[in-house]
Amino acid sequence: FIALRGEHCFLFPCVHCIERRTLCAQRATHLLDLDRFWHTWRRVRHTYRMATAFEDASGFKFDIMVRLRPDLLFLKEGDTSSIEGFLSNPVSAEKDSRGSSVVYTPPAKFIFGQATNDWVYLCQRSLCDSYFEMISPWEKCEVAAKGPRMCCSAWEPFYERTMEIARLSIKEIEDLFPVLPMRKGFIECNRLGAFPSLLKACYEKAKELGIKASWTCKNGKGELIIARTCGLNGDLI
């Protein structure tokens, strides 16, 4: 709930409100630029509903669900030791210090930001709806924004507020999801400046596959570095 210019803005799960006329002008441009982004989230929802329909038809229920971007490459085998308790009893979700249920993702530093990195998203089955259906309340928000006393937020705060309302807490685990996007001919090893242990794995994986390690090379001492001087294609000598 936020009061702005004498008007009250409500919307689940809105977090920011701005003057409606400004919002509508910004929204049109924003959505035009991000059309591909929205289609991605609609496919996430469609896939989730297919899985749900399978459960309903077969009587089989999944214990956990994982969203995994199709362009990711595992640099090494994921280490599940940090969630062994959860995997052995997936009907009992891990809780954080505030009592929120925990879901699991790669580190945000992989994407050079503070936002949630959901290249991979792992959740207990009963906790998955809010994430996989997130585009649905956003679409309602977009429609409702045309009327009075309603507002929309930008996607990032909307995303974070949705998770907060669902009482979900993100737990970042580097060893569980040692993943990076793979582009045509190279792996984005330059994302690993804060993860030197993974940098070597990325470099070696690039050599194994016969592709390049972006912006990554060895210095005169034979140490792996990330630098513009390495070039986009890296140096696998």
# chains A, B, ... in the order shown; residues from 1 in each chain; ligands from 1
$ select_by_dssp --residues "region 52-111 of chain A" --states "alpha helix (DSSP H)" --output "number ranges by chain"
A: 52-58, 84-88
$ select_by_dssp --residues "region 162-202 of chain A" --states "strand (DSSP E or B)" --output "PyMOL selection string"
chain A and resi 168-172+179-183+186-187
$ closest_residue --among "A:Leu209, A:Leu72, A:Ala53, A:Leu168" --to "Ser130 (chain A)" --atoms "only C-alpha atoms"
A:Leu168
$ closest_residue --among "A:Ala108, A:Val102, A:Ile187, A:Val179" --to "Glu164 (chain A)" --atoms "only C-alpha atoms"
A:Val102
$ residues_around --residues "Glu160 (chain A)" --least-positions-apart "3" --cutoff "9 Å" --atoms "only C-alpha atoms" --output "list in words"
Val15, Ala115, Thr116, Trp155, Glu156, Pro157, Met163, Glu164 and Ile165 of chain A
$ closest_residue --among "A:Leu68, A:Arg183, A:Arg228, A:Leu75" --to "Glu204 (chain A)" --atoms "only C-alpha atoms"
A:Leu75
$ atom_distance --atom1 "CA of Glu172 (chain A)" --atom2 "CA of Leu73 (chain A)"
17.7 Å
$ closest_residue --among "A:Ser100, A:Ser197, A:Ser214, A:Thr40" --to "Glu174 (chain A)" --atoms "only C-alpha atoms"
A:Ser197
$ closest_residue --among "A:Met50, A:Leu198, A:Cys123, A:Cys189" --to "Ile111 (chain A)" --atoms "only C-alpha atoms"
A:Cys189
$ residues_around --residues "Pro106 (chain A)" --least-positions-apart "2" --cutoff "9 Å" --atoms "only C-alpha atoms" --output "list of chain:residue names"
A:Tyr104, A:Ala108, A:Lys109, A:Phe110, A:Thr116, A:Asn117, A:Asp118, A:Trp119, A:Val120, A:Tyr121, A:Lys171, A:Glu172, A:Ile173, A:Glu174, A:Asp175, A:Leu176, A:Phe177, A:Pro178, A:Val179
$ write_last_selection --atoms "N, CA, C and O atoms" --output "PDB file, in the first residue's frame"
ATOM      1  N   TYR A 104      16.154 -22.476  -4.338  1.00  0.00           N
ATOM      2  CA  TYR A 104      17.583 -22.477  -4.618  1.00  0.00           C
ATOM      3  C   TYR A 104      17.889 -21.964  -6.026  1.00  0.00           C
ATOM      4  O   TYR A 104      17.220 -22.339  -6.989  1.00  0.00           O
ATOM      5  N   ALA A 108      23.815 -14.519  -7.551  1.00  0.00           N
ATOM      6  CA  ALA A 108      23.485 -13.320  -8.324  1.00  0.00           C
ATOM      7  C   ALA A 108      24.718 -12.718  -8.981  1.00  0.00           C
ATOM      8  O   ALA A 108      24.610 -12.056 -10.020  1.00  0.00           O
ATOM      9  N   LYS A 109      25.891 -12.939  -8.404  1.00  0.00           N
ATOM     10  CA  LYS A 109      27.112 -12.364  -8.978  1.00  0.00           C
ATOM     11  C   LYS A 109      27.437 -12.950 -10.346  1.00  0.00           C
ATOM     12  O   LYS A 109      28.219 -12.370 -11.100  1.00  0.00           O
ATOM     13  N   PHE A 110      26.840 -14.081 -10.681  1.00  0.00           N
ATOM     14  CA  PHE A 110      27.010 -14.616 -12.028  1.00  0.00           C
ATOM     15  C   PHE A 110      26.441 -13.657 -13.070  1.00  0.00           C
ATOM     16  O   PHE A 110      26.847 -13.685 -14.226  1.00  0.00           O
ATOM     17  N   THR A 116      17.830 -11.498  -8.330  1.00  0.00           N
ATOM     18  CA  THR A 116      17.854 -12.958  -8.302  1.00  0.00           C
ATOM     19  C   THR A 116      18.343 -13.518  -9.629  1.00  0.00           C
ATOM     20  O   THR A 116      17.900 -13.100 -10.695  1.00  0.00           O
ATOM     21  N   ASN A 117      19.254 -14.456  -9.559  1.00  0.00           N
ATOM     22  CA  ASN A 117      19.738 -15.150 -10.755  1.00  0.00           C
ATOM     23  C   ASN A 117      18.966 -16.455 -10.888  1.00  0.00           C
ATOM     24  O   ASN A 117      19.287 -17.455 -10.262  1.00  0.00           O
ATOM     25  N   ASP A 118      17.944 -16.453 -11.710  1.00  0.00           N
ATOM     26  CA  ASP A 118      17.123 -17.662 -11.857  1.00  0.00           C
ATOM     27  C   ASP A 118      17.425 -18.383 -13.163  1.00  0.00           C
ATOM     28  O   ASP A 118      16.531 -18.928 -13.802  1.00  0.00           O
ATOM     29  N   TRP A 119      18.704 -18.395 -13.551  1.00  0.00           N
ATOM     30  CA  TRP A 119      19.084 -19.286 -14.655  1.00  0.00           C
ATOM     31  C   TRP A 119      18.639 -20.700 -14.327  1.00  0.00           C
ATOM     32  O   TRP A 119      18.212 -21.448 -15.206  1.00  0.00           O
ATOM     33  N   VAL A 120      18.791 -21.064 -13.047  1.00  0.00           N
ATOM     34  CA  VAL A 120      18.253 -22.320 -12.536  1.00  0.00           C
ATOM     35  C   VAL A 120      17.431 -21.969 -11.300  1.00  0.00           C
ATOM     36  O   VAL A 120      17.842 -21.136 -10.495  1.00  0.00           O
ATOM     37  N   TYR A 121      16.282 -22.602 -11.181  1.00  0.00           N
ATOM     38  CA  TYR A 121      15.405 -22.341 -10.036  1.00  0.00           C
ATOM     39  C   TYR A 121      14.875 -23.683  -9.557  1.00  0.00           C
ATOM     40  O   TYR A 121      14.214 -24.401 -10.315  1.00  0.00           O
ATOM     41  N   LYS A 171      18.087 -18.927  -1.775  1.00  0.00           N
ATOM     42  CA  LYS A 171      19.381 -19.374  -1.255  1.00  0.00           C
ATOM     43  C   LYS A 171      20.288 -19.649  -2.443  1.00  0.00           C
ATOM     44  O   LYS A 171      20.005 -20.514  -3.256  1.00  0.00           O
ATOM     45  N   GLU A 172      21.357 -18.888  -2.532  1.00  0.00           N
ATOM     46  CA  GLU A 172      22.292 -19.033  -3.640  1.00  0.00           C
ATOM     47  C   GLU A 172      23.351 -20.079  -3.300  1.00  0.00           C
ATOM     48  O   GLU A 172      23.975 -20.005  -2.245  1.00  0.00           O
ATOM     49  N   ILE A 173      23.537 -21.049  -4.200  1.00  0.00           N
ATOM     50  CA  ILE A 173      24.520 -22.106  -3.961  1.00  0.00           C
ATOM     51  C   ILE A 173      25.382 -22.270  -5.207  1.00  0.00           C
ATOM     52  O   ILE A 173      24.934 -22.789  -6.240  1.00  0.00           O
ATOM     53  N   GLU A 174      26.608 -21.834  -5.093  1.00  0.00           N
ATOM     54  CA  GLU A 174      27.532 -21.888  -6.223  1.00  0.00           C
ATOM     55  C   GLU A 174      27.830 -23.325  -6.645  1.00  0.00           C
ATOM     56  O   GLU A 174      27.791 -23.660  -7.842  1.00  0.00           O
ATOM     57  N   ASP A 175      28.120 -24.206  -5.687  1.00  0.00           N
ATOM     58  CA  ASP A 175      28.527 -25.571  -6.026  1.00  0.00           C
ATOM     59  C   ASP A 175      27.374 -26.417  -6.567  1.00  0.00           C
ATOM     60  O   ASP A 175      27.610 -27.374  -7.302  1.00  0.00           O
ATOM     61  N   LEU A 176      26.152 -26.060  -6.201  1.00  0.00           N
ATOM     62  CA  LEU A 176      24.997 -26.806  -6.695  1.00  0.00           C
ATOM     63  C   LEU A 176      24.724 -26.481  -8.162  1.00  0.00           C
ATOM     64  O   LEU A 176      24.338 -27.355  -8.937  1.00  0.00           O
ATOM     65  N   PHE A 177      24.949 -25.235  -8.535  1.00  0.00           N
ATOM     66  CA  PHE A 177      24.665 -24.789  -9.901  1.00  0.00           C
ATOM     67  C   PHE A 177      25.888 -24.119 -10.515  1.00  0.00           C
ATOM     68  O   PHE A 177      25.911 -22.907 -10.735  1.00  0.00           O
ATOM     69  N   PRO A 178      26.943 -24.875 -10.827  1.00  0.00           N
ATOM     70  CA  PRO A 178      28.128 -24.290 -11.471  1.00  0.00           C
ATOM     71  C   PRO A 178      27.879 -24.143 -12.972  1.00  0.00           C
ATOM     72  O   PRO A 178      28.426 -24.875 -13.793  1.00  0.00           O
ATOM     73  N   VAL A 179      27.042 -23.186 -13.336  1.00  0.00           N
ATOM     74  CA  VAL A 179      26.560 -23.066 -14.715  1.00  0.00           C
ATOM     75  C   VAL A 179      26.885 -21.695 -15.290  1.00  0.00           C
ATOM     76  O   VAL A 179      26.969 -20.699 -14.574  1.00  0.00           O
TER      77      VAL A 179
END
